[in-house]
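Engineer: I have a structure I would like to understand better, so I am pasting it below and will then ask my questions one at a time.
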Protein chains: 2
Amino acid sequence: MIAKSMEPFLEGGSAIRAMFEEGKKMAKVYGVDNVYDFSVGNPGLNPPQEVYDAIDYINHNMDPHHVYGYPSNAGYETTRQAVADDLNERFGDNFDMENIIMTAGAGYAINIIMKCLFDPGDKLVVFAPYFVEYANWARNFGADTIAVPANESNGFEPDAEALRKVLEPSVKAIIINNPNNPTGAIYSRESLEAVAEVLREAEIKFGHPIYIISDEPYRELVYVEKKVEFLPDIYPNTLIAYSWSKSLSMPGVRIGYVAVPRKADGSEELSEALIVAGRVLGANNASTIAELIVERCIKARADIGYYERNAKDLYDIVSGAGFECIVPQGAFYLWFKSPVEDERELVKAAKEERILIVPGRSFSGPGWVRASFCIAHTTIMNSEDSFKKLGERYFK
Amino acid sequence: MIAKSMEPFLEGGSAIRAMFEEGKKMAKVYGVDNVYDFSVGNPGLNPPQEVYDAIDYINHNMDPHHVYGYPSNAGYETTRQAVADDLNERFGDNFDMENIIMTAGAGYAINIIMKCLFDPGDKLVVFAPYFVEYANWARNFGADTIAVPANESNGFEPDAEALRKVLEPSVKAIIINNPNNPTGAIYSRESLEAVAEVLREAEIKFGHPIYIISDEPYRELVYVEKKVEFLPDIYPNTLIAYSWSKSLSMPGVRIGYVAVPRKADGSEELSEALIVAGRVLGANNASTIAELIVERCIKARADIGYYERNAKDLYDIVSGAGFECIVPQGAFYLWFKSPVEDERELVKAAKEERILIVPGRSFSGPGWVRASFCIAHTTIMNSEDSFKKLGERYFK
């Protein structure tokens, strides 16, 4: 009785989500302190005080008709204006309120973008390794996903020449996720400019815009002296999908936005269409309470230093156990190489040591694994013996 | 640059939403007290005290990791169990936690149901007049909508014999919205049993289940001595879509659920598939704060008596002005007949009296109009003169 079109979603499942559920089960069996769950990883970090204060203010000082009634589908004007002002101040852009559409997180943001861009048969391009849901979301609109092969030799930077080879007329968008899940890389300006150049050529050749969907939930999570480039400066046809899940450490709340640069092709029509898409995909509007929280917390940040310490300590533990790791520059993932070709064997062995990590093939990055370090620092420190034992299986 | 498949959504727009935006503009021009906006209508009713208390409790007494982290995609186990227990207690059913999937409102609930049921080319059946988004949502999954003609002679009850005529093998689901938007009708057991009988015959004839999607956001809004039937008792293949937007008067917050009866065909597989659909359609999970609010407010209700007074007073005003009205039994809509064939003329004339109402053709119910009476009671009382003047245009 279930639709045939649901089959690929059901078969694919989400290995990450499965791990998350597995981790909860293992925690019940072994005790939560004896399982080192680096799979999804719920943030070990609390939201900043401003979030709690905002909720008190909303609950006790604001007009309930405003808080609980329907906002416009795109969100409260004040919230959209606050987002536009903040982007303009930080990045020197000229967003208006009209260019900002509030959404139930970055995932919903990307879905409404895709709803507006993709007809069945169109294609999305991503750079491997990549967050697997991108392909699921494209499939929601009948679009297939082409993965540009990973370039290990340059630290998994996007490879413009490899991109050129896969571009074809049916490609309507590519996704750039910077800082990157799962590699922890922050992309260099050179790589991004090369990508932009290839896209511009393709736009002319194929006679239609090719948008970059810039998935930026990790924008503020940076651990090295490296700038996270603001993509609309490099490539105007960039649609930003943002989420406060990481910067305010509240992924359960589901709040984000789409920002459409005024200089993007068809900026106005796109903004209008995105608002309609936000409504017709069923969520209607982002939760009002969540909108009012972020409006009041537009400058607030969770304690990012917490992740910086986690990044360093997990890197030391895992590389100390003998594994070849990419140094995390941003986001909250450690990407390290499996000493055996099929990394699922490493994932299985790790589970025997009560370590949960995600196989790279879940990101089209076979031969590697991902460990999320957004979790409690004690979990990371307590995992050292288990990682050592895991390393000894391969390196002694 | 916008996908061709977006065109019908953009063209169709939402007349109701357009009215809502128009109403906000008119309020700016004439003053909010001089515009009688019966279009979407943001509830004039505040949430019950329990909602504010729940937010305080969540904000000050609960573990932030629990409140702000990711729940399972289907929602918190405690919330799902609370919903299951409440349904079992009220309706004598035997839902388990596993049969409840929390969603960002009833609209998202219906979308994940459709994602699981519809392949392109499948069909949805609705009873006219009906909430226009149903057809948009079906179109998201490539399914067309067949409207069973309205039966004015029986007060817009669903017409089983007319249903029989439109059923065909590609019909995978029908929607029943009871109490009804836009007519305010509460369906009789006889009508619903007749519908169930026709569906059972069709299931056997076509060899596959035909589910009823029971859209129940108005379940608790009842103004007459008439039972709102619990559809799974009449037809086991019923999937319930619920929202707390009306019963807790917080539509902006977006929280609802899907309930899958254990006795429905493929109950387990469907529940599993719905959870996957909830994730892949992009919202990932219902907002945690919203889930925790409704869990703590499972027995709470906004002051429904408020709507009962509105229903009575608006009926008196509009029928007193000469219009032929259906007596509202539930929901919060007054459905009344246009004295001119093309009801858009009436809508236009009403706007000149600063009354905003929605043309029936937005619900495939031409010749009628809908006035939402969820708004402030004073707005209703103050509209009397304008309705009188409107009536005098036709009836004097």
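In the structure tokens, the first chain shown is A, the next is B, and so on; residue numbers restart at 1 for each chain, and ligands run from 1 in the order shown.
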Please identify all polymer residues within 12 Å of A:Arg393, counting only C-alpha atoms, omitting same-chain residues fewer than 5 positions from it, and present them as a PDB file with N, CA and C atoms, in the first residue's frame.
Structural biologist:
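After the write, selection.pdb holds the following:
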ATOM      1  N   ALA A 321      45.735   7.380  18.121  1.00  0.00           N
ATOM      2  CA  ALA A 321      45.472   5.942  18.040  1.00  0.00           C
ATOM      3  C   ALA A 321      45.954   5.369  16.707  1.00  0.00           C
ATOM      4  N   GLY A 322      46.494   6.238  15.847  1.00  0.00           N
ATOM      5  CA  GLY A 322      47.108   5.756  14.613  1.00  0.00           C
ATOM      6  C   GLY A 322      46.351   6.081  13.339  1.00  0.00           C
ATOM      7  N   PHE A 323      45.185   6.712  13.458  1.00  0.00           N
ATOM      8  CA  PHE A 323      44.365   6.954  12.264  1.00  0.00           C
ATOM      9  C   PHE A 323      44.780   8.245  11.554  1.00  0.00           C
ATOM     10  N   PRO A 339      41.589   2.237   7.917  1.00  0.00           N
ATOM     11  CA  PRO A 339      42.798   1.477   7.550  1.00  0.00           C
ATOM     12  C   PRO A 339      42.454   0.242   6.706  1.00  0.00           C
ATOM     13  N   VAL A 340      41.151  -0.091   6.619  1.00  0.00           N
ATOM     14  CA  VAL A 340      40.740  -1.179   5.727  1.00  0.00           C
ATOM     15  C   VAL A 340      39.856  -0.576   4.643  1.00  0.00           C
ATOM     16  N   GLU A 345      33.793  -2.217   7.868  1.00  0.00           N
ATOM     17  CA  GLU A 345      34.473  -3.119   8.815  1.00  0.00           C
ATOM     18  C   GLU A 345      34.997  -2.347  10.013  1.00  0.00           C
ATOM     19  N   LEU A 346      35.538  -1.140   9.728  1.00  0.00           N
ATOM     20  CA  LEU A 346      36.021  -0.298  10.832  1.00  0.00           C
ATOM     21  C   LEU A 346      34.857   0.139  11.723  1.00  0.00           C
ATOM     22  N   ALA A 349      33.920  -2.777  13.898  1.00  0.00           N
ATOM     23  CA  ALA A 349      34.929  -2.981  14.952  1.00  0.00           C
ATOM     24  C   ALA A 349      34.794  -1.897  16.020  1.00  0.00           C
ATOM     25  N   ALA A 350      34.537  -0.656  15.573  1.00  0.00           N
ATOM     26  CA  ALA A 350      34.400   0.460  16.516  1.00  0.00           C
ATOM     27  C   ALA A 350      33.216   0.215  17.451  1.00  0.00           C
ATOM     28  N   GLU A 352      32.169  -2.555  18.480  1.00  0.00           N
ATOM     29  CA  GLU A 352      32.574  -3.526  19.507  1.00  0.00           C
ATOM     30  C   GLU A 352      33.314  -2.843  20.648  1.00  0.00           C
ATOM     31  N   GLU A 353      33.903  -1.700  20.334  1.00  0.00           N
ATOM     32  CA  GLU A 353      34.556  -0.892  21.392  1.00  0.00           C
ATOM     33  C   GLU A 353      33.587   0.173  21.930  1.00  0.00           C
ATOM     34  N   SER A 386      39.052   3.328  24.244  1.00  0.00           N
ATOM     35  CA  SER A 386      38.377   2.559  23.192  1.00  0.00           C
ATOM     36  C   SER A 386      39.016   2.825  21.835  1.00  0.00           C
ATOM     37  N   PHE A 387      39.356   4.085  21.559  1.00  0.00           N
ATOM     38  CA  PHE A 387      40.026   4.391  20.286  1.00  0.00           C
ATOM     39  C   PHE A 387      41.397   3.718  20.219  1.00  0.00           C
ATOM     40  N   LYS A 388      42.105   3.716  21.376  1.00  0.00           N
ATOM     41  CA  LYS A 388      43.421   3.043  21.400  1.00  0.00           C
ATOM     42  C   LYS A 388      43.284   1.575  21.029  1.00  0.00           C
TER      43      LYS A 388
END
Engineer: Hey, what's within 9 Å of A:Gly121 if we count only C-alpha atoms and toss same-chain stuff fewer than 6 positions away? As a PyMOL selection string, please?
Structural biologist: chain A and resi 141-144+170
Engineer: Could the residues in this selection be written to a file with C-alpha atoms, as a short mmCIF file (atom, residue, chain, number, x, y, z; two decimals), in the first residue's frame?
Structural biologist:
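Okay, selection-v8.cif is ready:
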data_model
loop_
_atom_site.label_atom_id
_atom_site.label_comp_id
_atom_site.auth_asym_id
_atom_site.auth_seq_id
_atom_site.Cartn_x
_atom_site.Cartn_y
_atom_site.Cartn_z
CA PHE A 141 11.15 16.90 -6.87
CA GLY A 142 12.10 14.25 -9.40
CA ALA A 143 15.68 15.51 -9.73
CA ASP A 144 18.69 13.19 -9.78
CA SER A 170 19.66 19.72 -17.02
#
Engineer: So which residues touch B:Ala194 within 12 Å, counting only C-alpha atoms, skipping near sequence neighbours fewer than 4 positions away, as a PDB file with N, CA and C atoms, in the first residue's frame?
Structural biologist:
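The result, stored in out-v9.pdb:
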ATOM      1  N   GLU B 157     -23.480  17.446   3.487  1.00  0.00           N
ATOM      2  CA  GLU B 157     -22.953  16.166   3.989  1.00  0.00           C
ATOM      3  C   GLU B 157     -22.232  15.460   2.831  1.00  0.00           C
ATOM      4  N   PRO B 158     -21.255  14.601   3.120  1.00  0.00           N
ATOM      5  CA  PRO B 158     -20.600  13.864   2.025  1.00  0.00           C
ATOM      6  C   PRO B 158     -21.598  12.913   1.367  1.00  0.00           C
ATOM      7  N   ASP B 159     -21.539  12.856   0.073  1.00  0.00           N
ATOM      8  CA  ASP B 159     -22.544  12.140  -0.714  1.00  0.00           C
ATOM      9  C   ASP B 159     -21.938  10.838  -1.234  1.00  0.00           C
ATOM     10  N   ALA B 160     -22.301   9.732  -0.577  1.00  0.00           N
ATOM     11  CA  ALA B 160     -21.675   8.444  -0.881  1.00  0.00           C
ATOM     12  C   ALA B 160     -21.966   7.996  -2.326  1.00  0.00           C
ATOM     13  N   GLU B 161     -23.175   8.240  -2.794  1.00  0.00           N
ATOM     14  CA  GLU B 161     -23.504   7.790  -4.153  1.00  0.00           C
ATOM     15  C   GLU B 161     -22.710   8.579  -5.197  1.00  0.00           C
ATOM     16  N   ALA B 162     -22.525   9.875  -4.920  1.00  0.00           N
ATOM     17  CA  ALA B 162     -21.706  10.683  -5.827  1.00  0.00           C
ATOM     18  C   ALA B 162     -20.245  10.253  -5.755  1.00  0.00           C
ATOM     19  N   LEU B 163     -19.813   9.828  -4.564  1.00  0.00           N
ATOM     20  CA  LEU B 163     -18.447   9.310  -4.406  1.00  0.00           C
ATOM     21  C   LEU B 163     -18.250   8.070  -5.273  1.00  0.00           C
ATOM     22  N   ARG B 164     -19.222   7.177  -5.211  1.00  0.00           N
ATOM     23  CA  ARG B 164     -19.129   5.916  -5.959  1.00  0.00           C
ATOM     24  C   ARG B 164     -18.837   6.178  -7.439  1.00  0.00           C
ATOM     25  N   TYR B 187     -20.546  16.022  10.220  1.00  0.00           N
ATOM     26  CA  TYR B 187     -21.166  14.969   9.417  1.00  0.00           C
ATOM     27  C   TYR B 187     -21.897  13.950  10.287  1.00  0.00           C
ATOM     28  N   SER B 188     -23.012  13.472   9.771  1.00  0.00           N
ATOM     29  CA  SER B 188     -23.792  12.464  10.493  1.00  0.00           C
ATOM     30  C   SER B 188     -23.126  11.095  10.368  1.00  0.00           C
ATOM     31  N   ARG B 189     -23.403  10.236  11.330  1.00  0.00           N
ATOM     32  CA  ARG B 189     -22.873   8.870  11.277  1.00  0.00           C
ATOM     33  C   ARG B 189     -23.376   8.156  10.020  1.00  0.00           C
ATOM     34  N   GLU B 190     -24.597   8.418   9.656  1.00  0.00           N
ATOM     35  CA  GLU B 190     -25.186   7.756   8.484  1.00  0.00           C
ATOM     36  C   GLU B 190     -24.382   8.073   7.218  1.00  0.00           C
ATOM     37  N   VAL B 198     -19.111   2.387   0.581  1.00  0.00           N
ATOM     38  CA  VAL B 198     -18.693   2.573  -0.819  1.00  0.00           C
ATOM     39  C   VAL B 198     -17.191   2.321  -0.963  1.00  0.00           C
ATOM     40  N   LEU B 199     -16.406   2.793   0.010  1.00  0.00           N
ATOM     41  CA  LEU B 199     -14.953   2.602  -0.059  1.00  0.00           C
ATOM     42  C   LEU B 199     -14.582   1.132   0.086  1.00  0.00           C
ATOM     43  N   ARG B 200     -15.264   0.446   1.004  1.00  0.00           N
ATOM     44  CA  ARG B 200     -14.971  -0.979   1.194  1.00  0.00           C
ATOM     45  C   ARG B 200     -15.225  -1.753  -0.099  1.00  0.00           C
ATOM     46  N   GLU B 201     -16.325  -1.447  -0.741  1.00  0.00           N
ATOM     47  CA  GLU B 201     -16.627  -2.109  -2.026  1.00  0.00           C
ATOM     48  C   GLU B 201     -15.536  -1.827  -3.054  1.00  0.00           C
ATOM     49  N   ILE B 234     -15.459   3.547  12.253  1.00  0.00           N
ATOM     50  CA  ILE B 234     -16.358   3.288  11.133  1.00  0.00           C
ATOM     51  C   ILE B 234     -15.593   2.663   9.964  1.00  0.00           C
ATOM     52  N   TYR B 235     -14.330   3.096   9.823  1.00  0.00           N
ATOM     53  CA  TYR B 235     -13.531   2.660   8.666  1.00  0.00           C
ATOM     54  C   TYR B 235     -12.072   2.535   9.128  1.00  0.00           C
TER      55      TYR B 235
END
Engineer: Give me the residues within 12 Å of stretch 149-154 of chain A as a ChimeraX atom specification, counting only C-alpha atoms and dropping any in the same chain fewer than 3 places off.
Structural biologist: /A:125-130,146,157-166,182-183,185-188,191,325-326,335-337,360-361,363-368
Engineer: For the residues selected in the previous step, produce a file with N, CA and C atoms as a compact mmCIF listing (two decimals), in the first residue's frame.
Structural biologist:
# COMPACT_ATOMS: atom_id res chain seq x y z
N VAL A 125 23.94 19.02 -8.62
CA VAL A 125 25.33 18.58 -8.51
C VAL A 125 25.83 18.85 -7.09
N VAL A 126 26.50 17.88 -6.53
CA VAL A 126 27.11 18.02 -5.20
C VAL A 126 28.56 17.57 -5.28
N PHE A 127 29.35 18.02 -4.32
CA PHE A 127 30.74 17.58 -4.25
C PHE A 127 30.86 16.47 -3.21
N ALA A 128 31.35 15.30 -3.62
CA ALA A 128 31.55 14.20 -2.67
C ALA A 128 32.77 14.52 -1.82
N PRO A 129 32.77 14.13 -0.54
CA PRO A 129 31.64 13.55 0.19
C PRO A 129 30.61 14.61 0.54
N TYR A 130 29.36 14.19 0.66
CA TYR A 130 28.28 15.16 0.91
C TYR A 130 27.20 14.56 1.79
N ILE A 146 24.06 14.36 -9.18
CA ILE A 146 25.36 13.96 -9.72
C ILE A 146 26.41 14.35 -8.68
N GLU A 157 38.76 19.94 -1.01
CA GLU A 157 38.25 21.20 -1.56
C GLU A 157 37.40 20.87 -2.80
N PRO A 158 36.40 21.73 -3.13
CA PRO A 158 35.63 21.45 -4.35
C PRO A 158 36.53 21.57 -5.58
N ASP A 159 36.35 20.65 -6.50
CA ASP A 159 37.25 20.52 -7.64
C ASP A 159 36.55 21.06 -8.89
N ALA A 160 36.93 22.28 -9.29
CA ALA A 160 36.23 22.96 -10.39
C ALA A 160 36.36 22.21 -11.70
N GLU A 161 37.52 21.64 -11.96
CA GLU A 161 37.70 20.92 -13.24
C GLU A 161 36.84 19.67 -13.28
N ALA A 162 36.75 19.00 -12.15
CA ALA A 162 35.88 17.82 -12.10
C ALA A 162 34.42 18.23 -12.23
N LEU A 163 34.09 19.41 -11.68
CA LEU A 163 32.72 19.93 -11.82
C LEU A 163 32.39 20.15 -13.30
N ARG A 164 33.35 20.78 -14.02
CA ARG A 164 33.13 21.08 -15.44
C ARG A 164 32.70 19.83 -16.21
N LYS A 165 33.31 18.70 -15.85
CA LYS A 165 33.05 17.46 -16.60
C LYS A 165 31.63 16.94 -16.40
N VAL A 166 31.01 17.27 -15.29
CA VAL A 166 29.67 16.70 -15.05
C VAL A 166 28.54 17.67 -15.40
N PRO A 182 30.85 16.18 5.60
CA PRO A 182 31.46 15.59 6.78
C PRO A 182 32.95 15.87 6.98
N THR A 183 33.59 16.66 6.12
CA THR A 183 35.07 16.67 6.17
C THR A 183 35.63 17.67 7.17
N ALA A 185 36.23 20.65 6.43
CA ALA A 185 37.03 21.61 5.66
C ALA A 185 36.33 22.97 5.57
N ILE A 186 37.14 24.04 5.50
CA ILE A 186 36.63 25.36 5.10
C ILE A 186 37.26 25.63 3.75
N TYR A 187 36.43 25.96 2.77
CA TYR A 187 36.91 26.07 1.40
C TYR A 187 37.69 27.36 1.19
N SER A 188 38.73 27.26 0.38
CA SER A 188 39.54 28.44 0.06
C SER A 188 38.81 29.31 -0.96
N SER A 191 39.39 28.02 -4.58
CA SER A 191 38.52 26.92 -5.04
C SER A 191 37.15 27.44 -5.42
N CYS A 325 43.87 11.50 9.95
CA CYS A 325 42.71 12.40 10.11
C CYS A 325 42.91 13.68 9.30
N ILE A 326 41.79 14.24 8.81
CA ILE A 326 41.78 15.61 8.28
C ILE A 326 41.62 16.54 9.48
N TRP A 335 36.93 13.79 10.16
CA TRP A 335 36.85 12.89 9.00
C TRP A 335 38.17 12.14 8.96
N PHE A 336 38.10 10.83 9.15
CA PHE A 336 39.37 10.10 9.15
C PHE A 336 39.30 8.84 8.32
N LYS A 337 40.50 8.40 7.91
CA LYS A 337 40.60 7.35 6.90
C LYS A 337 40.52 5.97 7.55
N GLY A 360 31.78 6.37 5.75
CA GLY A 360 31.90 7.41 4.72
C GLY A 360 30.99 7.21 3.53
N ARG A 361 30.64 5.97 3.22
CA ARG A 361 29.78 5.77 2.04
C ARG A 361 28.39 6.37 2.25
N PHE A 363 28.09 9.23 2.89
CA PHE A 363 28.31 10.56 2.31
C PHE A 363 28.94 10.44 0.92
N SER A 364 28.83 9.27 0.30
CA SER A 364 29.56 8.99 -0.93
C SER A 364 31.05 9.24 -0.76
N GLY A 365 31.56 8.85 0.39
CA GLY A 365 32.98 8.97 0.67
C GLY A 365 33.51 7.68 1.25
N PRO A 366 33.43 6.59 0.46
CA PRO A 366 33.86 5.29 0.99
C PRO A 366 35.34 5.30 1.34
N GLY A 367 35.71 4.48 2.31
CA GLY A 367 37.11 4.42 2.72
C GLY A 367 37.41 5.38 3.86
N TRP A 368 36.44 6.22 4.20
CA TRP A 368 36.59 7.17 5.30
C TRP A 368 35.43 7.00 6.28
Engineer: One decimal, Å: what's the distance from atom CA of A:Ala104 over to atom CA of A:Arg254, could you say?
Structural biologist: 4.8 Å
Engineer: Would you write out, as CSV, a table of all residues in chain B that have an atom no more than 6 Å from an atom of chain A, listing for each the closest atom pair and the distance in Å to one decimal, considering only C-alpha atoms and ordering rows by chain and rising residue number?
Structural biologist:
residue,atom,partner,partner_atom,distance
B:Ile2,CA,A:Leu117,CA,5.3
B:Ala3,CA,A:Leu117,CA,4.8
B:Ser5,CA,A:Asp119,CA,5.8
B:Asn42,CA,A:Gly69,CA,5.4
B:Tyr68,CA,A:Met250,CA,4.5
B:Gly69,CA,A:Gly252,CA,4.8
B:Tyr70,CA,A:Gly252,CA,4.4
B:Ala104,CA,A:Ala283,CA,5.8
B:Gly107,CA,A:Gly282,CA,4.7
B:Tyr108,CA,A:Gly282,CA,4.3
B:Cys116,CA,A:Ala3,CA,5.5
B:Leu117,CA,A:Ala3,CA,4.8
B:Phe118,CA,A:Ala3,CA,5.4
B:Asp119,CA,A:Ala3,CA,5.4
B:Met250,CA,A:Tyr68,CA,4.5
B:Pro251,CA,A:Gly69,CA,5.5
B:Gly252,CA,A:Tyr70,CA,4.4
B:Val253,CA,A:Ser287,CA,4.5
B:Arg254,CA,A:Ser287,CA,5.7
B:Gly282,CA,A:Tyr108,CA,4.3
B:Ala283,CA,A:Tyr108,CA,5.2
B:Ser287,CA,A:Val253,CA,4.5
B:Thr288,CA,A:Gly252,CA,5.2
Engineer: Put those residues in a file: N, CA and C atoms, as a CSV table (one decimal), in the first residue's frame.
Structural biologist:
chain,number,residue,atom,x,y,z
B,2,ILE,N,12.3,29.7,-12.8
B,2,ILE,CA,11.5,29.0,-11.9
B,2,ILE,C,10.9,27.7,-12.6
B,3,ALA,N,10.9,26.6,-11.8
B,3,ALA,CA,10.5,25.3,-12.4
B,3,ALA,C,9.1,25.4,-13.0
B,5,SER,N,7.0,23.1,-13.0
B,5,SER,CA,6.1,22.5,-12.1
B,5,SER,C,5.6,23.4,-10.9
B,42,ASN,N,-6.9,35.3,12.1
B,42,ASN,CA,-6.1,34.9,13.2
B,42,ASN,C,-7.0,34.8,14.4
B,68,TYR,N,16.4,21.1,23.6
B,68,TYR,CA,16.9,21.8,22.4
B,68,TYR,C,17.6,20.8,21.4
B,69,GLY,N,17.9,19.6,21.9
B,69,GLY,CA,18.6,18.6,21.0
B,69,GLY,C,17.6,18.0,20.0
B,70,TYR,N,18.1,17.2,19.2
B,70,TYR,CA,17.3,16.5,18.2
B,70,TYR,C,16.4,15.4,19.0
B,104,ALA,N,4.9,19.1,12.1
B,104,ALA,CA,4.8,20.6,12.1
B,104,ALA,C,3.4,21.0,11.6
B,107,GLY,N,-1.1,20.3,8.2
B,107,GLY,CA,-0.7,20.4,6.8
B,107,GLY,C,0.5,19.5,6.5
B,108,TYR,N,1.5,19.6,7.4
B,108,TYR,CA,2.7,18.7,7.2
B,108,TYR,C,2.3,17.2,7.4
B,116,CYS,N,3.6,9.0,1.4
B,116,CYS,CA,3.7,7.6,1.5
B,116,CYS,C,2.6,6.9,0.6
B,117,LEU,N,1.6,7.6,0.2
B,117,LEU,CA,0.5,6.9,-0.5
B,117,LEU,C,0.5,7.1,-2.0
B,118,PHE,N,1.0,8.3,-2.4
B,118,PHE,CA,0.8,8.7,-3.8
B,118,PHE,C,2.0,8.5,-4.7
B,119,ASP,N,1.8,7.8,-5.8
B,119,ASP,CA,2.8,7.8,-6.9
B,119,ASP,C,2.2,8.8,-8.0
B,250,MET,N,-3.2,28.2,18.8
B,250,MET,CA,-1.8,28.6,18.6
B,250,MET,C,-1.3,28.1,17.2
B,251,PRO,N,-2.0,28.6,16.1
B,251,PRO,CA,-1.7,28.2,14.8
B,251,PRO,C,-0.3,28.6,14.3
B,252,GLY,N,0.3,29.7,14.9
B,252,GLY,CA,1.6,30.1,14.4
B,252,GLY,C,2.7,29.1,14.9
B,253,VAL,N,2.4,28.3,15.9
B,253,VAL,CA,3.4,27.4,16.5
B,253,VAL,C,3.7,26.1,15.7
B,254,ARG,N,2.7,25.7,14.9
B,254,ARG,CA,2.8,24.5,14.0
B,254,ARG,C,3.1,23.3,14.7
B,282,GLY,N,11.9,17.4,4.8
B,282,GLY,CA,12.7,18.6,5.1
B,282,GLY,C,12.6,19.2,6.4
B,283,ALA,N,11.5,19.0,7.1
B,283,ALA,CA,11.3,19.6,8.4
B,283,ALA,C,12.0,18.8,9.5
B,287,SER,N,8.9,20.8,15.9
B,287,SER,CA,9.7,21.6,16.9
B,287,SER,C,9.5,21.1,18.3
B,288,THR,N,10.7,20.9,18.9
B,288,THR,CA,10.7,20.2,20.3
B,288,THR,C,9.9,21.1,21.3
Engineer: DSSP on the backbone: what in stretch 7-223 of chain B comes out strand (DSSP E), as JSON, numbers by chain?
Structural biologist: {"B": [36, 37, 100, 101, 102, 103, 123, 124, 125, 126, 127, 144, 145, 146, 147, 148, 171, 172, 173, 174, 175, 176, 177, 211, 212, 213, 214, 215]}
Engineer: What's the separation between atom CA of B:Gln49 and atom CA of B:Val222, in Å to one decimal place?
Structural biologist: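 Going from atom CA of B:Gln49 over to atom CA of B:Val222 covers 21.2 Å.
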Engineer: Hey, what's within 10 Å of A:Asn310 if we count only C-alpha atoms and toss same-chain stuff fewer than 3 positions away? As a list in words, please?
Structural biologist: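 Returned residues: Gly305, Tyr306, Tyr307, Asp313, Leu314, Tyr315, Asp316, Phe332, Tyr333, Ser372, Phe373, Cys374, Ile375, Ala376, His377, Thr378, Thr379, Ile380 and Met381 of chain A.
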